[in-house]
>>> print(open('work39.cif').read())   # mmCIF, C-alpha atoms
data_coords
loop_
_atom_site.group_PDB
_atom_site.id
_atom_site.type_symbol
_atom_site.label_atom_id
_atom_site.label_comp_id
_atom_site.auth_asym_id
_atom_site.auth_seq_id
_atom_site.Cartn_x
_atom_site.Cartn_y
_atom_site.Cartn_z
ATOM 1 C CA MET D 1 104.401 108.024 109.419
ATOM 2 C CA ASP D 2 106.586 108.165 106.311
ATOM 3 C CA GLY D 3 108.022 105.087 104.594
ATOM 4 C CA HIS D 4 108.443 101.706 106.234
ATOM 5 C CA LEU D 5 109.131 100.690 109.796
ATOM 6 C CA ASP D 6 112.685 100.163 110.959
ATOM 7 C CA VAL D 7 113.613 96.527 111.753
ATOM 8 C CA LEU D 8 113.769 97.351 115.471
ATOM 9 C CA ALA D 9 110.274 98.817 115.309
ATOM 10 C CA ILE D 10 108.961 95.718 113.541
ATOM 11 C CA ASP D 11 110.608 93.557 116.167
ATOM 12 C CA ALA D 12 108.987 95.708 118.858
ATOM 13 C CA VAL D 13 105.586 95.050 117.257
ATOM 14 C CA ARG D 14 106.373 91.325 117.185
ATOM 15 C CA ALA D 15 107.241 91.424 120.893
ATOM 16 C CA GLY D 16 104.077 93.350 121.751
ATOM 17 C CA GLU D 17 106.051 96.479 122.609
ATOM 18 C CA GLY D 18 105.301 98.587 119.531
ATOM 19 C CA SER D 19 103.396 101.856 119.675
ATOM 20 C CA PRO D 20 99.801 101.991 118.353
ATOM 21 C CA GLU D 21 101.083 103.799 115.244
ATOM 22 C CA GLU D 22 103.695 101.103 114.589
ATOM 23 C CA ARG D 23 101.167 98.312 115.075
ATOM 24 C CA ASP D 24 98.743 100.050 112.759
ATOM 25 C CA HIS D 25 101.404 100.515 110.080
ATOM 26 C CA ALA D 26 102.490 96.859 110.302
ATOM 27 C CA ALA D 27 98.868 95.807 109.882
ATOM 28 C CA ARG D 28 98.350 97.963 106.783
ATOM 29 C CA CYS D 29 101.739 97.792 105.016
ATOM 30 C CA ALA D 30 102.316 94.594 103.017
ATOM 31 C CA ASP D 31 106.124 94.868 103.140
ATOM 32 C CA CYS D 32 106.313 95.518 106.876
ATOM 33 C CA GLY D 33 103.643 92.892 107.521
ATOM 34 C CA ALA D 34 105.657 90.315 105.592
ATOM 35 C CA LEU D 35 108.791 91.147 107.554
ATOM 36 C CA LEU D 36 106.836 90.954 110.807
ATOM 37 C CA GLU D 37 105.560 87.525 109.811
ATOM 38 C CA GLY D 38 109.120 86.464 108.957
ATOM 39 C CA PHE D 39 110.333 87.535 112.394
ATOM 40 C CA ARG D 40 107.465 85.639 114.011
ATOM 41 C CA ARG D 41 108.459 82.508 112.119
ATOM 42 C CA LEU D 42 112.071 83.024 113.140
ATOM 43 C CA ALA D 43 111.018 83.241 116.795
ATOM 44 C CA ALA D 44 109.008 80.033 116.444
ATOM 45 C CA GLY D 45 111.919 78.316 114.698
ATOM 46 C CA LEU D 46 114.415 79.347 117.343
ATOM 47 C CA THR D 47 112.282 78.351 120.299
ATOM 48 C CA PRO D 48 113.368 74.884 121.421
ATOM 49 C CA ALA D 49 111.107 72.089 122.516
ATOM 50 C CA ARG D 50 110.397 72.108 126.237
ATOM 51 C CA MET D 51 113.022 70.200 128.206
ATOM 52 C CA ASP D 52 111.761 67.754 130.797
ATOM 53 C CA VAL D 53 113.429 68.227 134.148
ATOM 54 C CA PRO D 54 113.373 65.176 136.458
ATOM 55 C CA ALA D 55 111.813 65.687 139.878
ATOM 56 C CA THR D 56 115.067 64.550 141.472
ATOM 57 C CA VAL D 57 116.701 67.841 140.496
ATOM 58 C CA LYS D 58 114.134 69.790 142.480
ATOM 59 C CA ARG D 59 114.476 67.414 145.422
ATOM 60 C CA ASN D 60 118.253 67.886 145.444
ATOM 61 C CA VAL D 61 117.959 71.647 145.241
ATOM 62 C CA MET D 62 115.181 71.964 147.803
ATOM 63 C CA ALA D 63 117.034 69.736 150.260
ATOM 64 C CA LEU D 64 119.339 72.698 150.689
ATOM 65 C CA ALA D 65 116.585 75.124 151.483
ATOM 66 C CA ARG D 66 114.541 73.189 154.014
ATOM 67 C CA PRO D 67 114.109 75.138 157.246
ATOM 68 C CA ARG D 68 116.494 73.826 159.823
ATOM 69 C CA ARG D 69 115.173 73.062 163.276
ATOM 70 C CA ALA D 70 117.616 74.971 165.385
ATOM 71 C CA TRP D 71 119.795 72.714 167.486
ATOM 72 C CA ARG D 72 118.472 69.202 166.864
ATOM 73 C CA PRO D 73 120.216 68.344 163.595
ATOM 74 C CA LEU D 74 123.394 69.999 164.804
ATOM 75 C CA ALA D 75 123.317 68.055 168.033
ATOM 76 C CA ALA D 76 122.622 64.815 166.169
ATOM 77 C CA ALA D 77 125.438 65.497 163.721
ATOM 78 C CA ALA D 78 127.822 66.406 166.524
ATOM 79 C CA ALA D 79 126.971 63.232 168.445
ATOM 80 C CA LEU D 80 127.483 61.167 165.317
ATOM 81 C CA LEU D 81 130.808 62.812 164.589
ATOM 82 C CA ILE D 82 132.007 62.357 168.167
ATOM 83 C CA GLY D 83 130.997 58.699 168.019
ATOM 84 C CA MET D 84 132.714 58.183 164.690
ATOM 85 C CA ALA D 85 135.837 59.946 165.918
ATOM 86 C CA GLY D 86 135.869 57.712 168.990
ATOM 87 C CA VAL D 87 135.659 54.589 166.870
ATOM 88 C CA TRP D 88 138.180 56.069 164.467
ATOM 89 C CA PHE D 89 140.881 56.658 167.037
ATOM 90 C CA ALA D 90 140.062 53.651 169.234
ATOM 91 C CA THR D 91 140.198 51.081 166.500
ATOM 92 C CA GLY D 92 142.495 52.702 163.997
ATOM 93 C CA LEU D 93 139.897 52.372 161.253
ATOM 94 C CA ARG D 94 141.392 55.062 159.054
ATOM 95 C CA PRO D 95 140.709 54.193 155.437
ATOM 96 C CA ALA D 96 143.512 52.056 154.109
ATOM 97 C CA ILE D 97 142.712 53.169 150.563
ATOM 98 C CA PRO D 98 143.012 56.859 149.749
ATOM 99 C CA GLY D 99 139.750 58.025 148.236
ATOM 100 C CA ASP D 100 137.591 55.438 150.000
ATOM 101 C CA VAL D 101 135.172 58.137 151.137
ATOM 102 C CA ASP D 102 132.376 55.768 152.167
ATOM 103 C CA HIS D 103 134.815 53.400 153.933
ATOM 104 C CA ASN D 104 133.579 50.283 152.201
ATOM 105 C CA GLY D 105 137.050 49.024 151.421
ATOM 106 C CA ARG D 106 137.205 49.980 147.766
ATOM 107 C CA VAL D 107 137.372 53.087 145.638
ATOM 108 C CA ASP D 108 134.547 53.405 143.195
ATOM 109 C CA ILE D 109 132.495 56.071 141.491
ATOM 110 C CA ILE D 110 130.255 56.272 144.556
ATOM 111 C CA ASP D 111 133.227 57.680 146.499
ATOM 112 C CA ALA D 112 133.671 60.394 143.879
ATOM 113 C CA TYR D 113 129.979 61.204 144.095
ATOM 114 C CA ALA D 114 130.039 61.192 147.913
ATOM 115 C CA LEU D 115 132.946 63.634 147.969
ATOM 116 C CA ALA D 116 131.261 65.859 145.365
ATOM 117 C CA VAL D 117 128.150 66.014 147.541
ATOM 118 C CA GLN D 118 130.233 66.901 150.593
ATOM 119 C CA LEU D 119 131.988 69.667 148.674
ATOM 120 C CA ARG D 120 128.727 71.050 147.369
ATOM 121 C CA SER D 121 127.197 71.048 150.828
ATOM 122 C CA GLY D 122 129.753 73.676 151.864
ATOM 123 C CA LEU D 123 130.594 71.768 155.048
ATOM 124 C CA LYS D 124 134.190 71.189 156.140
ATOM 125 C CA VAL D 125 135.661 68.229 154.306
ATOM 126 C CA ASP D 126 138.160 65.790 155.783
ATOM 127 C CA PRO D 127 141.659 66.781 154.581
ATOM 128 C CA ALA D 128 142.358 63.054 154.196
ATOM 129 C CA TYR D 129 140.408 63.246 150.935
ATOM 130 C CA ASP D 130 143.186 65.312 149.363
ATOM 131 C CA VAL D 131 143.981 62.334 147.193
ATOM 132 C CA ASN D 132 145.961 64.254 144.592
ATOM 133 C CA GLY D 133 148.178 65.777 147.293
ATOM 134 C CA ASP D 134 147.844 69.415 146.216
ATOM 135 C CA GLY D 135 147.097 70.587 149.749
ATOM 136 C CA LYS D 136 143.376 71.157 149.299
ATOM 137 C CA VAL D 137 140.242 69.105 148.827
ATOM 138 C CA ASP D 138 138.311 70.208 145.750
ATOM 139 C CA GLU D 139 136.769 69.072 142.478
ATOM 140 C CA ARG D 140 140.147 67.831 141.274
ATOM 141 C CA ASP D 141 140.109 65.264 144.055
ATOM 142 C CA VAL D 142 136.666 64.179 142.900
ATOM 143 C CA GLU D 143 138.073 63.732 139.406
ATOM 144 C CA GLU D 144 141.084 61.872 140.787
ATOM 145 C CA ILE D 145 138.889 59.470 142.751
ATOM 146 C CA ALA D 146 136.734 58.916 139.660
ATOM 147 C CA ARG D 147 139.889 58.214 137.661
ATOM 148 C CA ARG D 148 141.180 55.775 140.262
ATOM 149 C CA SER D 149 137.842 54.007 140.442
ATOM 150 C CA VAL D 150 138.136 53.249 136.767
ATOM 151 C CA ALA D 151 141.828 52.323 137.041
ATOM 152 C CA ILE D 152 141.288 49.888 139.898
ATOM 153 C CA ARG D 153 138.595 48.070 137.985
ATOM 154 C CA MET H 1 98.694 67.051 145.132
ATOM 155 C CA ILE H 2 98.234 70.098 142.932
ATOM 156 C CA ARG H 3 100.633 72.895 143.758
ATOM 157 C CA HIS H 4 99.463 76.402 143.021
ATOM 158 C CA MET H 5 101.934 78.859 141.626
ATOM 159 C CA ASP H 6 103.083 81.442 144.138
ATOM 160 C CA ALA H 7 101.319 84.719 143.361
ATOM 161 C CA ARG H 8 104.078 86.934 144.738
ATOM 162 C CA THR H 9 106.099 89.051 142.308
ATOM 163 C CA ASP H 10 109.780 88.318 141.803
ATOM 164 C CA ALA H 11 110.674 91.392 143.848
ATOM 165 C CA GLU H 12 108.476 90.170 146.712
ATOM 166 C CA LEU H 13 110.015 86.705 146.474
ATOM 167 C CA ALA H 14 113.496 88.223 146.565
ATOM 168 C CA ARG H 15 112.664 90.105 149.764
ATOM 169 C CA ALA H 16 111.196 86.956 151.306
ATOM 170 C CA LEU H 17 114.247 84.962 150.265
ATOM 171 C CA ARG H 18 116.536 87.444 152.007
ATOM 172 C CA GLY H 19 114.490 86.850 155.129
ATOM 173 C CA GLY H 20 115.106 83.100 154.939
ATOM 174 C CA ASP H 21 111.736 82.083 153.471
ATOM 175 C CA ALA H 22 112.304 78.659 151.895
ATOM 176 C CA SER H 23 108.964 78.839 150.081
ATOM 177 C CA ALA H 24 110.278 81.866 148.170
ATOM 178 C CA PHE H 25 113.237 79.816 147.015
ATOM 179 C CA GLU H 26 110.926 77.036 145.883
ATOM 180 C CA ALA H 27 108.729 79.553 144.055
ATOM 181 C CA PHE H 28 111.765 80.863 142.182
ATOM 182 C CA TYR H 29 112.657 77.302 141.243
ATOM 183 C CA ASP H 30 109.136 76.514 140.041
ATOM 184 C CA ARG H 31 109.021 79.736 138.039
ATOM 185 C CA TYR H 32 112.419 79.583 136.346
ATOM 186 C CA HIS H 33 113.753 76.042 136.309
ATOM 187 C CA GLU H 34 112.493 75.253 132.815
ATOM 188 C CA TRP H 35 113.957 78.441 131.410
ATOM 189 C CA VAL H 36 117.279 77.816 133.150
ATOM 190 C CA ALA H 37 117.378 74.221 131.869
ATOM 191 C CA GLY H 38 116.628 75.342 128.321
ATOM 192 C CA LEU H 39 119.265 78.055 128.475
ATOM 193 C CA ALA H 40 121.842 75.650 129.874
ATOM 194 C CA LEU H 41 121.006 73.198 127.117
ATOM 195 C CA ARG H 42 121.574 75.982 124.597
ATOM 196 C CA PHE H 43 125.045 76.595 126.004
ATOM 197 C CA THR H 44 126.089 73.006 126.592
ATOM 198 C CA ALA H 45 124.107 71.058 123.967
ATOM 199 C CA ASN H 46 124.108 68.191 126.442
ATOM 200 C CA ARG H 47 121.086 67.262 128.522
ATOM 201 C CA GLU H 48 123.001 65.863 131.503
ATOM 202 C CA ASP H 49 125.277 68.887 131.620
ATOM 203 C CA ALA H 50 122.249 71.166 131.389
ATOM 204 C CA LEU H 51 120.609 69.439 134.357
ATOM 205 C CA ASP H 52 123.811 69.794 136.380
ATOM 206 C CA VAL H 53 123.990 73.484 135.502
ATOM 207 C CA LEU H 54 120.340 73.875 136.512
ATOM 208 C CA GLN H 55 121.085 72.373 139.911
ATOM 209 C CA GLU H 56 124.231 74.444 140.409
ATOM 210 C CA THR H 57 122.424 77.632 139.399
ATOM 211 C CA PHE H 58 119.831 77.249 142.119
ATOM 212 C CA ILE H 59 122.434 76.183 144.659
ATOM 213 C CA TYR H 60 124.237 79.432 143.803
ATOM 214 C CA LEU H 61 121.006 81.389 144.233
ATOM 215 C CA PHE H 62 120.411 79.752 147.596
ATOM 216 C CA ARG H 63 123.903 80.579 148.774
ATOM 217 C CA ARG H 64 123.351 84.188 147.724
ATOM 218 C CA SER H 65 119.904 84.316 149.315
ATOM 219 C CA ARG H 66 120.892 86.273 152.429
ATOM 220 C CA ASP H 67 122.174 89.220 150.412
ATOM 221 C CA PHE H 68 120.120 88.670 147.261
ATOM 222 C CA GLU H 69 118.870 91.869 145.669
ATOM 223 C CA LEU H 70 116.823 91.847 142.502
ATOM 224 C CA ARG H 71 117.940 94.973 140.683
ATOM 225 C CA SER H 72 116.426 94.039 137.337
ATOM 226 C CA GLN H 73 114.475 91.053 136.026
ATOM 227 C CA MET H 74 115.160 87.613 137.486
ATOM 228 C CA LYS H 75 116.282 86.358 134.075
ATOM 229 C CA THR H 76 118.942 89.059 133.884
ATOM 230 C CA PHE H 77 120.297 87.818 137.217
ATOM 231 C CA LEU H 78 120.202 84.179 136.163
ATOM 232 C CA TYR H 79 121.565 84.556 132.627
ATOM 233 C CA PRO H 80 125.235 85.285 133.490
ATOM 234 C CA VAL H 81 125.164 82.611 136.205
ATOM 235 C CA VAL H 82 123.934 79.944 133.783
ATOM 236 C CA LYS H 83 126.373 81.089 131.120
ATOM 237 C CA HIS H 84 129.326 81.021 133.509
ATOM 238 C CA LEU H 85 128.440 77.613 134.953
ATOM 239 C CA SER H 86 127.929 76.182 131.466
ATOM 240 C CA LEU H 87 131.304 77.451 130.269
ATOM 241 C CA SER H 88 132.986 76.146 133.442
ATOM 242 C CA ARG H 89 131.467 72.755 132.766
ATOM 243 C CA ARG H 90 132.899 72.821 129.270
ATOM 244 C CA GLN H 91 136.326 73.725 130.679
ATOM 245 C CA THR H 92 136.149 70.739 133.027
ATOM 246 C CA ALA H 93 135.120 68.499 130.147
ATOM 247 C CA ARG H 94 138.005 69.887 128.103
ATOM 248 C CA ARG H 95 140.505 68.799 130.762
ATOM 249 C CA GLN H 96 139.055 65.321 130.608
ATOM 250 C CA ALA H 97 138.772 65.088 126.815
ATOM 251 C CA PRO H 98 141.077 67.635 125.187
ATOM 252 C CA LEU H 99 140.438 66.309 121.692
ATOM 253 C CA ASP H 100 136.707 66.983 121.827
ATOM 254 C CA PRO H 101 136.091 70.285 119.998
ATOM 255 C CA ARG H 102 132.800 70.674 121.861
ATOM 256 C CA THR H 103 134.736 71.270 125.066
ATOM 257 C CA ASP H 104 136.966 74.131 123.940
ATOM 258 C CA PRO H 105 135.935 77.035 126.209
ATOM 259 C CA ALA H 106 137.186 79.539 123.662
ATOM 260 C CA ALA H 107 134.833 78.118 121.063
ATOM 261 C CA PRO H 108 131.331 79.549 120.687
ATOM 262 C CA PRO H 109 128.504 77.736 122.463
ATOM 263 C CA VAL H 110 127.490 74.495 120.849
ATOM 264 C CA ARG H 111 124.122 74.838 119.156
ATOM 265 C CA SER H 112 121.793 72.502 117.390
ATOM 266 C CA ALA H 113 122.062 72.243 113.629
ATOM 267 C CA GLU H 114 118.595 73.750 113.301
ATOM 268 C CA LEU H 115 119.564 76.772 115.385
ATOM 269 C CA ASP H 116 122.795 77.156 113.483
ATOM 270 C CA SER H 117 120.997 77.073 110.157
ATOM 271 C CA LEU H 118 118.615 79.842 111.207
ATOM 272 C CA LEU H 119 121.369 82.090 112.516
ATOM 273 C CA VAL H 120 124.096 81.344 109.984
ATOM 274 C CA GLY H 121 126.155 84.403 109.093
ATOM 275 C CA LEU H 122 125.527 86.197 112.379
ATOM 276 C CA SER H 123 128.434 86.894 114.686
ATOM 277 C CA GLU H 124 128.496 85.302 118.132
ATOM 278 C CA VAL H 125 127.404 88.530 119.859
ATOM 279 C CA GLN H 126 124.613 89.061 117.330
ATOM 280 C CA GLN H 127 123.371 85.501 117.869
ATOM 281 C CA GLU H 128 123.395 85.997 121.627
ATOM 282 C CA VAL H 129 121.259 89.138 121.400
ATOM 283 C CA VAL H 130 118.828 87.545 118.929
ATOM 284 C CA LEU H 131 118.382 84.493 121.150
ATOM 285 C CA LEU H 132 117.829 86.600 124.261
ATOM 286 C CA ARG H 133 115.264 88.633 122.359
ATOM 287 C CA PHE H 134 113.468 85.984 120.298
ATOM 288 C CA VAL H 135 113.717 82.929 122.537
ATOM 289 C CA ASP H 136 113.978 84.332 126.043
ATOM 290 C CA GLY H 137 111.663 87.254 125.385
ATOM 291 C CA LEU H 138 113.790 89.856 127.129
ATOM 292 C CA ASP H 139 113.280 93.523 126.320
ATOM 293 C CA LEU H 140 116.280 95.522 125.202
ATOM 294 C CA GLN H 141 116.996 97.009 128.629
ATOM 295 C CA ALA H 142 116.934 93.547 130.218
ATOM 296 C CA ILE H 143 119.341 92.260 127.557
ATOM 297 C CA SER H 144 121.601 95.202 128.338
ATOM 298 C CA ASP H 145 121.484 94.280 132.035
ATOM 299 C CA ALA H 146 122.046 90.564 131.411
ATOM 300 C CA LEU H 147 125.039 91.127 129.144
ATOM 301 C CA GLU H 148 126.316 94.137 131.085
ATOM 302 C CA VAL H 149 126.705 96.175 127.911
ATOM 303 C CA PRO H 150 125.164 99.589 127.137
ATOM 304 C CA LEU H 151 121.636 99.723 125.769
ATOM 305 C CA GLY H 152 122.939 101.356 122.601
ATOM 306 C CA THR H 153 125.223 98.387 121.986
ATOM 307 C CA VAL H 154 122.290 96.004 122.305
ATOM 308 C CA LYS H 155 120.242 98.058 119.832
ATOM 309 C CA SER H 156 123.140 98.170 117.408
ATOM 310 C CA ARG H 157 123.755 94.403 117.604
ATOM 311 C CA LEU H 158 120.076 93.587 117.222
ATOM 312 C CA HIS H 159 119.620 96.046 114.374
ATOM 313 C CA SER H 160 122.547 94.649 112.388
ATOM 314 C CA ALA H 161 121.413 91.073 113.094
ATOM 315 C CA LEU H 162 117.842 91.753 111.979
ATOM 316 C CA ASP H 163 119.118 93.501 108.859
ATOM 317 C CA LEU H 164 121.009 90.315 108.016
ATOM 318 C CA LEU H 165 117.969 88.160 108.738
ATOM 319 C CA ARG H 166 115.367 90.274 106.947
ATOM 320 C CA GLY H 167 116.081 88.871 103.504
ATOM 321 C CA ARG H 168 115.664 85.285 104.586
ATOM 322 C CA THR H 169 112.564 83.180 104.626
ATOM 323 C CA PHE H 170 111.818 81.038 107.611
ATOM 324 C CA PRO H 171 109.688 77.910 107.472
ATOM 325 C CA ASN H 172 106.282 77.972 109.100
ATOM 326 C CA ARG H 173 106.348 75.972 112.306
#
>>> encode(input="work39.cif", output="structure tokens")
Amino acid sequence: MDGHLDVLAIDAVRAGEGSPEERDHAARCADCGALLEGFRRLAAGLTPARMDVPATVKRNVMALARPRRAWRPLAAAAALLIGMAGVWFATGLRPAIPGDVDHNGRVDIIDAYALAVQLRSGLKVDPAYDVNGDGKVDERDVEEIARRSVAIR
Amino acid sequence: MIRHMDARTDAELARALRGGDASAFEAFYDRYHEWVAGLALRFTANREDALDVLQETFIYLFRRSRDFELRSQMKTFLYPVVKHLSLSRRQTARRQAPLDPRTDPAAPPVRSAELDSLLVGLSEVQQEVVLLRFVDGLDLQAISDALEVPLGTVKSRLHSALDLLRGRTFPNR
């Protein structure tokens, strides 16, 4: 091998991808060895400290992927919905306050969170939650509910 | 309870995931969540945003699971997803706080001062290649796949970046 290694070849040695000849040259050549050491220090300097990820993130994500037991959850959900619809129409308990997703009589940040969760779940969302009146229920409605929750307080 | 890492390869996990195997999804999470979180933090410079992006990334993977094909490395699949979700988050933040320069989606990713000092003088595309190479440990072909640019472009960007960096001294760490 003539002369010094190219920077890409030195980087390949650093990454453990260099050929035996390149590794041998880097070990023997002071200039290339110094550059290799510089690249190793750069890699160490760029590598961030490990970020702790709370267990709740995994729980949220894995809740999506749990195997579903065929008909039972669907049947339970359907029964619940039918019951709620019955109460809804029988008693006229439609939310008096637009954005009151959890029907507790006030609009707060929990309503924004509840709607965000519903949207993320991919399930059909009640069109009544179109609080900004743009004809669809999406993240903008979440933002609008969050804004109103602050405004009301 | 001690959980043992799933011994299956990424390709095997991808096949299992297509078949509806929830344990394959969990194995992907266990294997890549720290990398995804770190990458998201690099793009957003905000821990809470990074955790949200982490969650959204795996929700996206789950939604794609039925037709998920691993054509290259898992990181090359995840990289554009994390990048896109991070930039979207910045766009949302920009709508809420238009005066915050951190939230301008046209601006380069926000980086720590330490990172900035090490990479000063490099263009945005050069920095991206260097970080994928030096921090994420991707080989050049994987970087090409992740960025969807030709391999020759990756080599050229890395070569010019390393030429700029070669004259500098970096502290021992």
>>> interface_residues(input="work39.cif", of="chain H", to="chain D", cutoff="8 Å", atoms="all atoms listed in the file", output="number ranges by chain")
H: 22, 25-26, 29, 34, 37-38, 51, 55, 58-59, 62, 115, 118, 131, 134-135, 137, 155, 158-159, 162-163, 166, 168-173
>>> atom_distance(input="work39.cif", atom1="CA of Gly83 (chain D)", atom2="CA of Lys136 (chain D)")
25.7 Å
>>> resolve_selection(input="work39.cif", expression="the PyMOL selection byres ((chain H and resi 79) around 12)", output="NGL selection string")
:H and (32 or 35-40 or 42-43 or 53-54 or 57 or 72-78 or 80-86 or 128 or 131-132 or 136 or 138 or 142-148)
>>> atom_distance(input="work39.cif", atom1="CA of Leu17 (chain H)", atom2="CA of Ser65 (chain H)")
5.8 Å
>>> residues_near_point(input="work39.cif", point="(140.5, 68.3, 150.5)", cutoff="12 Å", atoms="all atoms listed in the file", output="ChimeraX atom specification")
/D:98-99,101,115-116,118-119,123-142,144-145
>>> write_last_selection(input="work39.cif", atoms="C-alpha atoms", output="compact mmCIF listing (two decimals), in the frame of the given file")
# COMPACT_ATOMS: atom_id res chain seq x y z
CA PRO D 98 143.01 56.86 149.75
CA GLY D 99 139.75 58.02 148.24
CA VAL D 101 135.17 58.14 151.14
CA LEU D 115 132.95 63.63 147.97
CA ALA D 116 131.26 65.86 145.36
CA GLN D 118 130.23 66.90 150.59
CA LEU D 119 131.99 69.67 148.67
CA LEU D 123 130.59 71.77 155.05
CA LYS D 124 134.19 71.19 156.14
CA VAL D 125 135.66 68.23 154.31
CA ASP D 126 138.16 65.79 155.78
CA PRO D 127 141.66 66.78 154.58
CA ALA D 128 142.36 63.05 154.20
CA TYR D 129 140.41 63.25 150.94
CA ASP D 130 143.19 65.31 149.36
CA VAL D 131 143.98 62.33 147.19
CA ASN D 132 145.96 64.25 144.59
CA GLY D 133 148.18 65.78 147.29
CA ASP D 134 147.84 69.42 146.22
CA GLY D 135 147.10 70.59 149.75
CA LYS D 136 143.38 71.16 149.30
CA VAL D 137 140.24 69.10 148.83
CA ASP D 138 138.31 70.21 145.75
CA GLU D 139 136.77 69.07 142.48
CA ARG D 140 140.15 67.83 141.27
CA ASP D 141 140.11 65.26 144.06
CA VAL D 142 136.67 64.18 142.90
CA GLU D 144 141.08 61.87 140.79
CA ILE D 145 138.89 59.47 142.75
>>> atom_distance(input="work39.cif", atom1="CA of His33 (chain H)", atom2="CA of Ala112 (chain D)")
26.4 Å
>>> closest_residue(input="work39.cif", among="H:Arg31, H:Pro150, H:Gly19, H:Ser88", to="Asp6 (chain H)", atoms="all atoms listed in the file")
H:Arg31
>>> closest_residue(input="work39.cif", among="D:Ala78, D:Leu5, D:Met84, D:Arg147", to="Asp111 (chain D)", atoms="only C-alpha atoms")
D:Arg147
>>> residues_around(input="work39.cif", residues="Leu13 (chain H)", least_positions_apart="2", cutoff="8 Å", atoms="all atoms listed in the file", output="PDB file with C-alpha atoms, in the frame of the given file")
ATOM      1  CA  ARG H   8     104.078  86.934 144.738  1.00  0.00           C
ATOM      2  CA  THR H   9     106.099  89.051 142.308  1.00  0.00           C
ATOM      3  CA  ASP H  10     109.780  88.318 141.803  1.00  0.00           C
ATOM      4  CA  ALA H  11     110.674  91.392 143.848  1.00  0.00           C
ATOM      5  CA  ARG H  15     112.664  90.105 149.764  1.00  0.00           C
ATOM      6  CA  ALA H  16     111.196  86.956 151.306  1.00  0.00           C
ATOM      7  CA  LEU H  17     114.247  84.962 150.265  1.00  0.00           C
ATOM      8  CA  ALA H  24     110.278  81.866 148.170  1.00  0.00           C
ATOM      9  CA  PHE H  25     113.237  79.816 147.015  1.00  0.00           C
ATOM     10  CA  ALA H  27     108.729  79.553 144.055  1.00  0.00           C
ATOM     11  CA  PHE H  28     111.765  80.863 142.182  1.00  0.00           C
TER      12      PHE H  28
END
>>> axis_aligned_box(input="work39.cif", around="region 140-147 of chain H", padding_each_side="3 Å", output="lines of an AutoDock Vina configuration file")
center_x = 120.7
center_y = 93.8
center_z = 128.6
size_x = 14.8
size_y = 12.4
size_z = 12.8
>>> build_atoms(input="work39.cif", residues="region 108-120 of chain D", atoms="N, CA and C atoms", output="PDB file, in the frame of the given file")
ATOM      1  N   ASP D 108     135.375  53.488 144.396  1.00  0.00           N
ATOM      2  CA  ASP D 108     134.547  53.405 143.195  1.00  0.00           C
ATOM      3  C   ASP D 108     133.904  54.756 142.930  1.00  0.00           C
ATOM      4  N   ILE D 109     133.063  54.788 141.922  1.00  0.00           N
ATOM      5  CA  ILE D 109     132.495  56.071 141.491  1.00  0.00           C
ATOM      6  C   ILE D 109     131.590  56.663 142.563  1.00  0.00           C
ATOM      7  N   ILE D 110     131.095  55.785 143.457  1.00  0.00           N
ATOM      8  CA  ILE D 110     130.255  56.272 144.556  1.00  0.00           C
ATOM      9  C   ILE D 110     131.080  57.164 145.486  1.00  0.00           C
ATOM     10  N   ASP D 111     132.363  56.842 145.664  1.00  0.00           N
ATOM     11  CA  ASP D 111     133.227  57.680 146.499  1.00  0.00           C
ATOM     12  C   ASP D 111     133.380  59.072 145.878  1.00  0.00           C
ATOM     13  N   ALA D 112     133.557  59.094 144.561  1.00  0.00           N
ATOM     14  CA  ALA D 112     133.671  60.394 143.879  1.00  0.00           C
ATOM     15  C   ALA D 112     132.394  61.192 144.073  1.00  0.00           C
ATOM     16  N   TYR D 113     131.266  60.526 143.932  1.00  0.00           N
ATOM     17  CA  TYR D 113     129.979  61.204 144.095  1.00  0.00           C
ATOM     18  C   TYR D 113     129.818  61.690 145.536  1.00  0.00           C
ATOM     19  N   ALA D 114     130.187  60.824 146.500  1.00  0.00           N
ATOM     20  CA  ALA D 114     130.039  61.192 147.913  1.00  0.00           C
ATOM     21  C   ALA D 114     130.881  62.420 148.239  1.00  0.00           C
ATOM     22  N   LEU D 115     132.100  62.468 147.699  1.00  0.00           N
ATOM     23  CA  LEU D 115     132.946  63.634 147.969  1.00  0.00           C
ATOM     24  C   LEU D 115     132.376  64.883 147.284  1.00  0.00           C
ATOM     25  N   ALA D 116     131.856  64.714 146.072  1.00  0.00           N
ATOM     26  CA  ALA D 116     131.261  65.859 145.365  1.00  0.00           C
ATOM     27  C   ALA D 116     130.098  66.434 146.167  1.00  0.00           C
ATOM     28  N   VAL D 117     129.293  65.558 146.740  1.00  0.00           N
ATOM     29  CA  VAL D 117     128.150  66.014 147.541  1.00  0.00           C
ATOM     30  C   VAL D 117     128.642  66.764 148.774  1.00  0.00           C
ATOM     31  N   GLN D 118     129.685  66.230 149.418  1.00  0.00           N
ATOM     32  CA  GLN D 118     130.233  66.901 150.593  1.00  0.00           C
ATOM     33  C   GLN D 118     130.754  68.290 150.226  1.00  0.00           C
ATOM     34  N   LEU D 119     131.443  68.374 149.103  1.00  0.00           N
ATOM     35  CA  LEU D 119     131.988  69.667 148.674  1.00  0.00           C
ATOM     36  C   LEU D 119     130.867  70.656 148.387  1.00  0.00           C
ATOM     37  N   ARG D 120     129.838  70.168 147.728  1.00  0.00           N
ATOM     38  CA  ARG D 120     128.727  71.050 147.369  1.00  0.00           C
ATOM     39  C   ARG D 120     127.958  71.512 148.599  1.00  0.00           C
TER      40      ARG D 120
END
